[in-house]
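Novice: If it helps, the file is called protein.cif and holds mmCIF, C-alpha atoms:
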```
data_input
loop_
_atom_site.label_atom_id
_atom_site.label_comp_id
_atom_site.auth_asym_id
_atom_site.auth_seq_id
_atom_site.Cartn_x
_atom_site.Cartn_y
_atom_site.Cartn_z
CA MET A 893 29.89 -126.40 -57.93
CA GLY A 894 26.91 -128.08 -56.35
CA MET A 895 24.25 -125.78 -57.72
CA LYS A 896 20.58 -126.62 -57.58
CA LYS A 897 18.61 -125.89 -60.72
CA GLN A 898 16.29 -122.95 -60.12
CA ILE A 899 12.59 -123.58 -60.75
CA ALA A 900 11.45 -121.73 -63.89
CA VAL A 901 8.41 -119.46 -63.67
CA SER A 902 6.29 -117.77 -66.33
CA ALA A 903 6.94 -114.10 -67.06
CA ALA A 904 3.25 -113.34 -66.43
CA SER A 905 3.48 -114.63 -62.83
CA LEU A 906 6.13 -112.08 -61.78
CA THR A 907 5.09 -109.23 -59.50
CA LYS A 908 5.75 -105.65 -60.59
CA ARG A 909 8.66 -105.43 -58.16
CA GLU A 910 10.18 -108.69 -59.43
CA ALA A 911 9.86 -107.47 -63.01
CA LEU A 912 11.53 -104.13 -62.18
CA VAL A 913 14.40 -105.84 -60.33
CA SER A 914 14.85 -108.18 -63.31
CA ILE A 915 14.89 -105.26 -65.77
CA ALA A 916 17.49 -103.48 -63.60
CA LEU A 917 19.74 -106.56 -63.51
CA ILE A 918 19.44 -107.11 -67.26
CA GLY A 919 20.24 -103.38 -67.64
CA LEU A 920 23.49 -104.08 -65.79
CA LEU A 921 24.23 -106.85 -68.29
CA PHE A 922 23.63 -104.50 -71.22
CA PHE A 923 26.00 -101.98 -69.63
CA ILE A 924 28.68 -104.69 -69.47
CA PHE A 925 27.95 -105.67 -73.09
CA GLY A 926 28.44 -102.05 -74.12
CA PHE A 927 31.59 -101.55 -72.08
CA VAL A 928 33.35 -104.60 -73.53
CA THR A 929 32.03 -104.06 -77.07
CA TRP A 930 32.58 -100.36 -77.72
CA ILE A 931 36.19 -100.38 -76.48
CA ASN A 932 36.82 -101.76 -79.98
CA ALA A 933 36.32 -98.22 -81.31
CA ILE A 934 39.62 -97.32 -79.62
CA LEU A 935 41.34 -100.69 -80.10
CA ILE A 936 41.00 -100.59 -83.91
CA PRO A 937 42.99 -97.36 -84.48
CA TYR A 938 45.27 -98.12 -81.49
CA PHE A 939 46.28 -101.56 -82.78
CA LYS A 940 46.62 -100.07 -86.28
CA ILE A 941 49.43 -97.87 -84.94
CA ALA A 942 50.99 -100.17 -82.32
CA CYS A 943 50.95 -103.32 -84.48
CA GLU A 944 51.61 -101.50 -87.80
CA LEU A 945 48.46 -102.62 -89.62
CA ASN A 946 46.56 -101.49 -92.71
CA HIS A 947 42.82 -100.68 -92.55
CA PHE A 948 41.76 -104.24 -93.44
CA GLU A 949 44.03 -105.81 -90.81
CA SER A 950 42.92 -103.35 -88.11
CA TYR A 951 39.25 -104.25 -88.68
CA LEU A 952 40.12 -107.87 -87.83
CA VAL A 953 39.56 -106.58 -84.26
CA ALA A 954 35.82 -106.32 -84.99
CA PHE A 955 35.89 -109.51 -87.08
CA ALA A 956 37.50 -111.66 -84.37
CA PHE A 957 35.16 -110.29 -81.70
CA TYR A 958 31.89 -110.66 -83.60
CA ILE A 959 32.51 -113.79 -85.67
CA ALA A 960 32.20 -115.61 -82.33
CA TYR A 961 28.46 -114.90 -82.51
CA LEU A 962 28.23 -116.95 -85.73
CA VAL A 963 30.10 -119.83 -84.10
CA MET A 964 28.50 -119.80 -80.65
CA SER A 965 24.94 -118.47 -80.84
CA LEU A 966 23.05 -121.65 -81.76
CA PRO A 967 25.10 -123.79 -79.32
CA ALA A 968 24.34 -121.09 -76.73
CA GLY A 969 20.61 -121.46 -77.43
CA TYR A 970 20.75 -125.20 -76.80
CA LEU A 971 22.98 -124.65 -73.74
CA LEU A 972 20.47 -122.22 -72.22
CA LYS A 973 17.63 -124.62 -72.98
CA ARG A 974 19.50 -127.27 -70.99
CA ILE A 975 20.91 -125.32 -68.00
CA GLY A 976 18.71 -122.20 -67.85
CA PHE A 977 19.33 -118.49 -68.21
CA LYS A 978 21.22 -117.77 -64.97
CA ARG A 979 23.84 -120.52 -65.07
CA GLY A 980 24.32 -119.76 -68.76
CA MET A 981 25.00 -116.11 -67.93
CA MET A 982 27.50 -117.14 -65.25
CA TYR A 983 29.45 -119.31 -67.71
CA GLY A 984 29.28 -116.50 -70.27
CA PHE A 985 30.94 -114.07 -67.86
CA TRP A 986 33.66 -116.59 -66.95
CA ILE A 987 34.50 -117.25 -70.61
CA MET A 988 34.73 -113.48 -71.15
CA ALA A 989 37.09 -113.22 -68.16
CA PHE A 990 39.40 -115.78 -69.79
CA GLY A 991 39.33 -113.80 -73.05
CA ALA A 992 40.27 -110.57 -71.26
CA ALA A 993 43.10 -112.39 -69.47
CA LEU A 994 44.63 -113.37 -72.84
CA PHE A 995 45.44 -109.67 -73.38
CA VAL A 996 48.16 -109.97 -70.72
CA PRO A 997 50.51 -112.37 -72.60
CA ALA A 998 49.52 -110.71 -75.90
CA GLY A 999 50.58 -107.33 -74.49
CA PHE A 1000 53.92 -108.60 -73.22
CA GLY A 1001 54.76 -110.15 -76.62
CA ARG A 1002 52.95 -107.64 -78.93
CA VAL A 1003 51.33 -110.65 -80.62
CA TYR A 1004 48.37 -109.40 -82.68
CA GLY A 1005 47.11 -112.94 -83.28
CA LEU A 1006 46.83 -113.55 -79.52
CA PHE A 1007 44.94 -110.26 -79.10
CA LEU A 1008 42.51 -111.51 -81.75
CA ALA A 1009 42.18 -114.85 -79.88
CA GLY A 1010 41.33 -112.90 -76.71
CA LEU A 1011 38.72 -110.86 -78.58
CA PHE A 1012 37.24 -114.05 -80.09
CA THR A 1013 36.97 -115.61 -76.62
CA LEU A 1014 35.33 -112.43 -75.27
CA GLY A 1015 32.87 -112.69 -78.16
CA ILE A 1016 32.02 -116.33 -77.32
CA GLY A 1017 31.15 -115.40 -73.74
CA LEU A 1018 29.18 -112.38 -74.90
CA ALA A 1019 27.24 -114.51 -77.40
CA ILE A 1020 25.98 -116.67 -74.51
CA LEU A 1021 25.02 -113.58 -72.48
CA GLN A 1022 23.25 -111.91 -75.42
CA THR A 1023 21.37 -115.11 -76.29
CA ALA A 1024 20.04 -115.13 -72.72
CA ALA A 1025 19.41 -111.42 -72.13
CA ASN A 1026 17.60 -110.35 -75.31
CA PRO A 1027 14.70 -112.86 -75.28
CA TYR A 1028 14.52 -112.37 -71.51
CA ILE A 1029 13.81 -108.66 -71.91
CA THR A 1030 11.39 -109.41 -74.78
CA VAL A 1031 9.08 -111.59 -72.63
CA LEU A 1032 9.45 -109.52 -69.45
CA GLY A 1033 6.28 -107.48 -69.89
CA ASP A 1034 3.71 -106.30 -72.42
CA LYS A 1035 4.61 -107.08 -76.05
CA GLU A 1036 3.70 -103.57 -77.27
CA ARG A 1037 6.15 -102.06 -74.77
CA ALA A 1038 9.04 -104.34 -75.76
CA ALA A 1039 10.65 -101.53 -77.80
CA GLN A 1040 10.44 -99.31 -74.72
CA ARG A 1041 12.27 -101.91 -72.61
CA PHE A 1042 14.85 -102.43 -75.36
CA SER A 1043 15.35 -98.66 -75.46
CA ILE A 1044 16.16 -98.67 -71.73
CA MET A 1045 18.60 -101.53 -72.34
CA GLY A 1046 20.03 -99.60 -75.27
CA ILE A 1047 20.67 -96.56 -73.07
CA CYS A 1048 22.60 -98.78 -70.63
CA ASN A 1049 24.56 -100.26 -73.54
CA LYS A 1050 25.34 -96.99 -75.30
CA PHE A 1051 26.09 -95.09 -72.09
CA ALA A 1052 28.75 -97.72 -71.46
CA GLY A 1053 29.82 -97.15 -75.06
CA ILE A 1054 30.37 -93.46 -74.32
CA VAL A 1055 32.21 -94.11 -71.07
CA ALA A 1056 34.34 -97.09 -72.18
CA PRO A 1057 36.34 -95.54 -75.08
CA LEU A 1058 36.92 -92.30 -73.15
CA LEU A 1059 37.95 -94.15 -69.96
CA PHE A 1060 40.08 -96.60 -71.89
CA ALA A 1061 41.69 -93.75 -73.86
CA ALA A 1062 42.39 -91.89 -70.60
CA VAL A 1063 44.19 -94.98 -69.26
CA ILE A 1064 46.25 -95.92 -72.33
CA LEU A 1065 46.82 -92.56 -74.08
CA LYS A 1066 49.05 -89.70 -72.95
CA PRO A 1067 48.95 -85.98 -73.89
CA THR A 1068 52.30 -86.42 -75.71
CA ASP A 1069 51.08 -89.31 -77.90
CA ASN A 1070 50.28 -87.15 -80.95
CA ALA A 1071 53.99 -86.31 -81.16
CA LEU A 1072 54.89 -89.99 -80.55
CA PHE A 1073 52.60 -91.17 -83.37
CA GLU A 1074 54.29 -88.71 -85.76
CA GLN A 1075 57.76 -89.84 -84.62
CA LEU A 1076 56.86 -93.50 -85.22
CA LYS A 1077 56.42 -92.74 -88.93
CA THR A 1078 60.13 -91.94 -89.22
CA MET A 1079 61.63 -94.20 -86.52
CA GLU A 1080 63.42 -97.41 -87.52
CA GLY A 1081 65.06 -100.49 -86.05
CA LEU A 1082 65.33 -101.28 -82.34
CA ALA A 1083 64.21 -97.80 -81.21
CA LYS A 1084 60.91 -98.24 -83.08
CA GLU A 1085 60.41 -101.79 -81.77
CA ASN A 1086 60.94 -100.63 -78.18
CA ALA A 1087 58.55 -97.70 -78.62
CA LEU A 1088 55.85 -99.99 -80.09
CA ASP A 1089 56.36 -102.57 -77.33
CA ALA A 1090 55.92 -99.87 -74.68
CA LEU A 1091 52.82 -98.57 -76.47
CA ILE A 1092 51.05 -101.95 -76.68
CA ALA A 1093 51.99 -102.88 -73.08
CA ARG A 1094 49.63 -100.16 -71.85
CA VAL A 1095 46.62 -102.49 -72.42
CA ILE A 1096 47.88 -105.08 -69.91
CA LEU A 1097 46.70 -103.44 -66.67
CA PRO A 1098 43.19 -102.37 -67.80
CA TYR A 1099 42.39 -105.80 -69.28
CA SER A 1100 43.70 -107.54 -66.14
CA ILE A 1101 41.18 -105.50 -64.14
CA VAL A 1102 38.42 -106.27 -66.67
CA ALA A 1103 39.14 -110.03 -66.33
CA ILE A 1104 38.77 -109.91 -62.53
CA VAL A 1105 35.55 -107.87 -62.71
CA LEU A 1106 34.00 -110.27 -65.24
CA LEU A 1107 34.87 -113.25 -63.04
CA LEU A 1108 33.12 -111.65 -60.06
CA LEU A 1109 30.09 -110.62 -62.15
CA GLY A 1110 29.53 -114.25 -63.14
CA ILE A 1111 29.25 -115.23 -59.48
CA PHE A 1112 27.02 -112.23 -58.73
CA ILE A 1113 24.52 -113.01 -61.53
CA ARG A 1114 24.32 -116.69 -60.56
CA TYR A 1115 23.25 -115.83 -57.00
CA SER A 1116 21.23 -112.69 -57.84
CA PRO A 1117 17.41 -112.54 -57.44
CA LEU A 1118 16.97 -112.76 -61.23
CA PRO A 1119 14.15 -115.30 -61.79
CA GLU A 1120 14.46 -118.22 -64.21
CA ILE A 1121 11.83 -117.53 -66.90
CA ASP A 1122 10.01 -120.46 -68.53
CA THR A 1123 9.83 -119.71 -72.27
CA ASP A 1124 8.74 -123.19 -73.39
CA VAL A 1125 5.07 -122.96 -72.36
CA GLU A 1126 2.64 -122.04 -75.18
CA ASP A 1127 -1.01 -121.07 -74.89
CA GLU A 1128 -3.52 -123.28 -76.70
CA GLY A 1129 -3.94 -121.00 -79.74
CA LEU A 1130 -0.21 -120.59 -80.27
CA SER A 1131 0.38 -124.30 -79.76
CA LEU A 1132 -2.14 -125.10 -82.52
CA SER A 1133 -0.71 -122.57 -84.98
CA ASN A 1134 2.84 -123.88 -84.39
CA ALA A 1135 1.88 -127.58 -84.39
CA HIS A 1136 3.09 -128.19 -87.97
CA LYS A 1137 6.36 -126.28 -87.47
CA LYS A 1138 9.40 -128.44 -86.84
CA THR A 1139 12.33 -125.99 -86.83
CA ILE A 1140 12.98 -122.24 -86.58
CA MET A 1141 13.40 -122.19 -90.37
CA ASP A 1142 9.60 -122.59 -90.58
CA PHE A 1143 9.24 -118.98 -89.36
CA PRO A 1144 10.02 -116.66 -92.33
CA HIS A 1145 9.58 -113.49 -90.27
CA LEU A 1146 12.28 -114.79 -87.89
CA VAL A 1147 14.75 -115.75 -90.63
CA LEU A 1148 14.24 -112.44 -92.46
CA GLY A 1149 14.54 -110.66 -89.11
CA SER A 1150 17.88 -112.36 -88.53
CA ILE A 1151 19.13 -110.95 -91.85
CA ALA A 1152 17.82 -107.54 -90.74
CA ILE A 1153 19.82 -107.78 -87.51
CA PHE A 1154 22.91 -108.72 -89.57
CA PHE A 1155 22.67 -105.54 -91.64
CA HIS A 1156 21.62 -103.38 -88.69
CA VAL A 1157 24.49 -104.27 -86.38
CA GLY A 1158 26.97 -104.17 -89.26
CA SER A 1159 25.93 -100.64 -90.24
CA GLN A 1160 25.85 -99.56 -86.59
CA VAL A 1161 29.35 -100.77 -85.77
CA ILE A 1162 30.74 -99.20 -88.97
CA ALA A 1163 29.31 -95.82 -87.88
CA VAL A 1164 31.02 -96.11 -84.47
CA ASP A 1165 34.25 -98.00 -85.18
CA SER A 1166 35.22 -96.24 -88.43
CA ILE A 1167 34.68 -92.66 -87.34
CA ILE A 1168 38.03 -92.10 -85.57
CA ASN A 1169 39.99 -93.12 -88.68
CA TYR A 1170 37.63 -91.12 -90.92
CA VAL A 1171 37.89 -87.97 -88.79
CA SER A 1172 41.68 -88.38 -88.58
CA ALA A 1173 41.81 -88.54 -92.39
CA THR A 1174 40.20 -85.07 -92.53
CA GLY A 1175 43.22 -83.67 -90.65
CA ILE A 1176 42.04 -83.82 -87.02
CA PRO A 1177 44.67 -85.27 -84.59
CA PHE A 1178 44.02 -88.70 -83.09
CA LEU A 1179 43.63 -87.39 -79.52
CA GLU A 1180 40.89 -85.01 -80.73
CA ALA A 1181 39.25 -87.60 -83.00
CA LYS A 1182 38.89 -90.11 -80.12
CA VAL A 1183 35.73 -88.35 -78.84
CA PHE A 1184 33.70 -88.90 -82.04
CA PRO A 1185 32.47 -92.44 -81.19
CA SER A 1186 30.97 -90.87 -78.06
CA TYR A 1187 29.11 -88.32 -80.21
CA THR A 1188 27.67 -91.14 -82.34
CA LEU A 1189 26.58 -93.12 -79.29
CA THR A 1190 25.12 -89.97 -77.68
CA ALA A 1191 22.99 -89.51 -80.81
CA THR A 1192 21.81 -93.10 -80.33
CA ILE A 1193 20.88 -92.42 -76.70
CA VAL A 1194 18.87 -89.35 -77.78
CA GLY A 1195 16.97 -91.67 -80.13
CA TYR A 1196 16.35 -94.14 -77.31
CA LEU A 1197 15.01 -91.40 -75.02
CA LEU A 1198 12.65 -90.21 -77.75
CA GLY A 1199 11.57 -93.82 -78.24
CA ILE A 1200 10.83 -94.29 -74.54
CA TRP A 1201 8.76 -91.11 -74.56
CA CYS A 1202 6.95 -91.60 -77.88
CA VAL A 1203 6.42 -95.40 -78.10
CA PRO A 1204 3.64 -96.42 -77.80
CA ARG A 1205 2.21 -93.10 -76.55
CA PHE A 1206 2.36 -91.26 -79.89
CA ILE A 1207 3.61 -93.78 -82.46
CA SER A 1208 3.84 -97.57 -82.60
CA GLN A 1209 7.17 -99.35 -82.34
CA LEU A 1210 6.67 -100.44 -85.98
CA SER A 1211 6.30 -96.81 -87.13
CA ALA A 1212 9.46 -95.91 -85.20
CA LEU A 1213 11.28 -98.73 -86.98
CA LYS A 1214 10.11 -97.50 -90.39
CA LEU A 1215 11.19 -93.91 -89.68
CA CYS A 1216 14.63 -94.98 -88.43
CA THR A 1217 15.37 -97.20 -91.44
CA LEU A 1218 14.41 -94.39 -93.85
CA ALA A 1219 16.55 -91.91 -91.88
CA GLY A 1220 19.50 -94.33 -92.04
CA LEU A 1221 19.36 -94.48 -95.84
CA CYS A 1222 19.02 -90.67 -96.05
CA PHE A 1223 22.02 -90.03 -93.76
CA SER A 1224 24.12 -92.61 -95.65
CA PHE A 1225 23.66 -90.68 -98.90
CA LEU A 1226 24.46 -87.42 -97.11
CA VAL A 1227 27.72 -88.96 -95.80
CA LEU A 1228 28.68 -89.85 -99.37
CA PHE A 1229 27.70 -86.64 -101.13
CA SER A 1230 28.27 -83.81 -98.63
CA ASP A 1231 31.45 -81.72 -98.91
CA GLY A 1232 32.93 -78.56 -97.45
CA SER A 1233 33.78 -77.68 -93.87
CA VAL A 1234 31.75 -76.89 -90.75
CA HIS A 1235 32.65 -75.82 -87.22
CA ILE A 1236 30.61 -77.79 -84.64
CA LEU A 1237 31.38 -78.47 -80.95
CA GLY A 1238 34.83 -76.97 -81.36
CA HIS A 1239 35.78 -79.23 -84.31
CA GLU A 1240 36.51 -77.94 -87.82
CA THR A 1241 35.71 -80.84 -90.13
CA SER A 1242 33.61 -82.10 -93.06
CA PRO A 1243 29.80 -82.13 -92.63
CA SER A 1244 29.89 -85.78 -93.77
CA VAL A 1245 31.49 -86.61 -90.39
CA TRP A 1246 28.41 -85.28 -88.61
CA PHE A 1247 26.12 -87.34 -90.82
CA VAL A 1248 28.07 -90.42 -89.66
CA VAL A 1249 27.34 -89.21 -86.11
CA LEU A 1250 23.62 -88.87 -86.99
CA LEU A 1251 23.59 -92.50 -88.14
CA GLY A 1252 23.70 -93.21 -84.41
CA PHE A 1253 20.29 -91.54 -84.09
CA ALA A 1254 18.89 -93.45 -87.07
CA ASN A 1255 20.10 -96.76 -85.63
CA SER A 1256 18.53 -96.18 -82.21
CA MET A 1257 15.13 -97.85 -82.65
CA ILE A 1258 16.01 -100.49 -85.25
CA TRP A 1259 17.19 -103.20 -82.82
CA ALA A 1260 14.23 -102.46 -80.53
CA GLY A 1261 11.86 -102.66 -83.51
CA VAL A 1262 13.17 -105.80 -85.16
CA TRP A 1263 13.48 -108.07 -82.08
CA PRO A 1264 9.79 -108.13 -81.03
CA LEU A 1265 8.70 -108.59 -84.66
CA ALA A 1266 11.16 -111.42 -85.31
CA LEU A 1267 10.38 -113.28 -82.03
CA SER A 1268 6.61 -112.87 -82.36
CA ASN A 1269 4.62 -116.11 -81.83
CA LEU A 1270 7.65 -118.41 -81.60
CA GLY A 1271 6.42 -120.14 -78.43
CA ARG A 1272 8.63 -123.10 -77.57
CA PHE A 1273 11.09 -122.03 -80.30
CA LEU A 1274 11.90 -118.75 -78.53
CA LYS A 1275 15.38 -119.57 -77.16
CA ILE A 1276 16.60 -121.10 -80.43
CA GLY A 1277 14.97 -118.25 -82.38
CA ALA A 1278 16.81 -115.75 -80.19
CA ALA A 1279 20.03 -117.66 -80.86
CA LEU A 1280 19.47 -117.24 -84.61
CA LEU A 1281 19.10 -113.48 -84.12
CA ILE A 1282 22.23 -113.35 -81.97
CA MET A 1283 24.08 -115.34 -84.64
CA ALA A 1284 23.31 -112.46 -86.98
CA LEU A 1285 25.55 -110.25 -84.84
CA CYS A 1286 28.35 -111.67 -86.99
CA GLY A 1287 27.33 -108.73 -89.21
CA ASN A 1288 29.51 -106.76 -86.80
CA ALA A 1289 32.42 -108.95 -87.95
CA ILE A 1290 31.82 -109.05 -91.68
CA MET A 1291 30.53 -105.56 -92.54
CA PRO A 1292 33.39 -103.55 -90.90
CA LEU A 1293 35.90 -105.89 -92.58
CA LEU A 1294 34.21 -105.18 -95.93
CA TYR A 1295 34.30 -101.46 -95.10
CA GLY A 1296 38.04 -101.70 -94.28
CA TYR A 1297 38.73 -103.56 -97.56
CA LEU A 1298 36.86 -100.93 -99.59
CA ALA A 1299 38.59 -98.13 -97.62
CA ASP A 1300 42.02 -99.47 -98.63
CA ILE A 1301 40.97 -99.50 -102.30
CA TYR A 1302 38.61 -96.52 -102.74
CA GLY A 1303 39.17 -94.38 -99.63
CA LEU A 1304 37.45 -94.04 -96.27
CA LYS A 1305 34.56 -91.90 -97.54
CA GLN A 1306 33.62 -93.95 -100.61
CA ALA A 1307 33.71 -97.12 -98.48
CA TYR A 1308 30.52 -95.86 -96.80
CA TRP A 1309 28.63 -97.03 -99.91
CA VAL A 1310 28.49 -100.36 -98.02
CA LEU A 1311 25.78 -98.81 -95.80
CA VAL A 1312 23.29 -98.24 -98.65
CA PRO A 1313 22.23 -101.89 -99.25
CA CYS A 1314 22.08 -102.40 -95.47
CA TYR A 1315 19.43 -99.74 -94.98
CA MET A 1316 17.56 -100.73 -98.15
CA TYR A 1317 17.06 -104.23 -96.74
CA LEU A 1318 16.06 -102.84 -93.34
CA ILE A 1319 13.41 -100.69 -95.06
CA PHE A 1320 12.11 -103.86 -96.78
CA TYR A 1321 11.85 -105.73 -93.46
CA ALA A 1322 10.15 -102.81 -91.69
CA PHE A 1323 7.51 -102.37 -94.40
CA ARG A 1324 7.05 -105.90 -95.75
CA GLY A 1325 9.40 -108.63 -94.50
CA HIS A 1326 8.07 -108.92 -90.94
CA LYS A 1327 4.58 -109.75 -92.29
CA ILE A 1328 5.69 -112.86 -94.20
CA THR A 1329 4.50 -115.95 -92.32
CA HIS A 1330 4.86 -118.60 -95.07
CA TRP A 1331 7.64 -119.12 -97.58
CA LYS A 1332 5.11 -119.91 -100.30
CA ARG A 1333 1.93 -117.98 -100.91
CA ALA A 1334 -1.26 -119.97 -100.48
CA ARG A 1335 -3.07 -120.56 -103.76
#
```
Starting from the coordinates I provided, produce the structure as structure tokens.
Specialist:
Amino acid sequence: MGMKKQIAVSAASLTKREALVSIALIGLLFFIFGFVTWINAILIPYFKIACELNHFESYLVAFAFYIAYLVMSLPAGYLLKRIGFKRGMMYGFWIMAFGAALFVPAGFGRVYGLFLAGLFTLGIGLAILQTAANPYITVLGDKERAAQRFSIMGICNKFAGIVAPLLFAAVILKPTDNALFEQLKTMEGLAKENALDALIARVILPYSIVAIVLLLLGIFIRYSPLPEIDTDVEDEGLSLSNAHKKTIMDFPHLVLGSIAIFFHVGSQVIAVDSIINYVSATGIPFLEAKVFPSYTLTATIVGYLLGIWCVPRFISQLSALKLCTLAGLCFSFLVLFSDGSVHILGHETSPSVWFVVLLGFANSMIWAGVWPLALSNLGRFLKIGAALLIMALCGNAIMPLLYGYLADIYGLKQAYWVLVPCYMYLIFYAFRGHKITHWKRAR
């Protein structure tokens, strides 16, 4: 394509209207991120049945999708530095379209490895998009209102997360499937193979549509009015303070923030992607359990709305981060130690299930709190610094896999112990880690 490189402008030079249009377009991106990402909450238990997997094998869905962030994020940072945000986003969407298209041959052959390759390719494209969108929204306005903007993006993301699993479930699941899933436990031979083939083939049409939509979105973003933001210009004071810094590893608050993102996203995806299997283990049928990821994401949206209203009007974004990390640790212990049965929203289940749901609320302001702190004063290192934070999204790959491994050994409930060290580190970063500016204390 003969595309002219768009002239980059500073974020401060944008008019209010340009800034609002940009926020709206980035909001669309976050909706797409959420739609593609949170479908995994259905794919994990669905593939577990259709491909006859154990818990560990089923969580390879999350691993394949998110390990792409570890592989692609730093290359994405250098790519964006070379070609700019908008062309990078276009290529990201096109790579995602190719990943979605791989579900078609995988569905016809019931090849789990090819499904995982498709998810990995989707993750590569998403890594490029996330590396572009997150620093973009960070610099697009006042620093103290960054958490507010991230909360708006989070609502777009989590709203898609509510819609996507329910819409996807409506397309691929039938009212008679509870009986089918029970029958599969006793079926054998060719009859079982045919039933499983028919079950997995249901993903072919929806992912074909997703591939076409992603292809068109890439073209739309490239020719949209989204401005190309110049993130390489530093003011004189920042330039002097960063003069001796050669790489992003010279910014301890960034590196420690990347570890915080690793634990945050890992704990967040465990709360969403594990809940269907956990609820099903308490005796609730699969078709009833499928709504619980939406409850968790709704709790997250409630947290975002409170954040938009309260930050910075009543509390700072740092105080919100501290409260959310403490709440996450508290809810994790309540998941582990609460027993009995409660009747809520028409479901008769363990109260520990609802504390997993409340983890969605605790997680709401952590991403929005960590990003501005970690990217603070990076100047010309902003794009590569953002890439390091996006790389940490591989926590979504590793932590659920660890949860699945522990679930196979100790049970689904005891596996939630994996959340405790996650929130303990996040508490450290919120109270102390973000203040560290040098690896060695000055004498």
Novice: Pick the closest to Cys1048 (chain A) from A:Met1257, A:Ile918, A:Ala1009, A:Ala1299: which is it, counting only C-alpha atoms?
Specialist: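 Closest residue, counting only C-alpha atoms: A:Ile918.
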Novice: Just how far from CA of Ala942 (chain A) is CA of Ala1083 (chain A), in Å to one decimal?
Specialist: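 So the two atoms, CA of Ala1083 (chain A) and CA of Ala942 (chain A), lie 13.5 Å apart.
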Novice: As an exercise, work out the distance from CA of Ala1103 (chain A) to CA of Ala989 (chain A) in Å and give it to one decimal place.
Specialist: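 According to the coordinates, CA of Ala1103 (chain A) and CA of Ala989 (chain A) are separated by 4.2 Å.
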Novice: CA of Ile1047 (chain A) and CA of Met1283 (chain A) are how many Å apart?
Specialist: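 Taking CA of Ile1047 (chain A) as the start and CA of Met1283 (chain A) as the end point, the length is 22.3 Å.
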Novice: Nearest to Ala960 (chain A): which of A:Leu1008, A:Leu1109, A:Ile1016, A:Ile1162 is it, counting only C-alpha atoms?
Specialist: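 Checking each candidate against Ala960 (chain A), we get A:Ile1016 as the closest.
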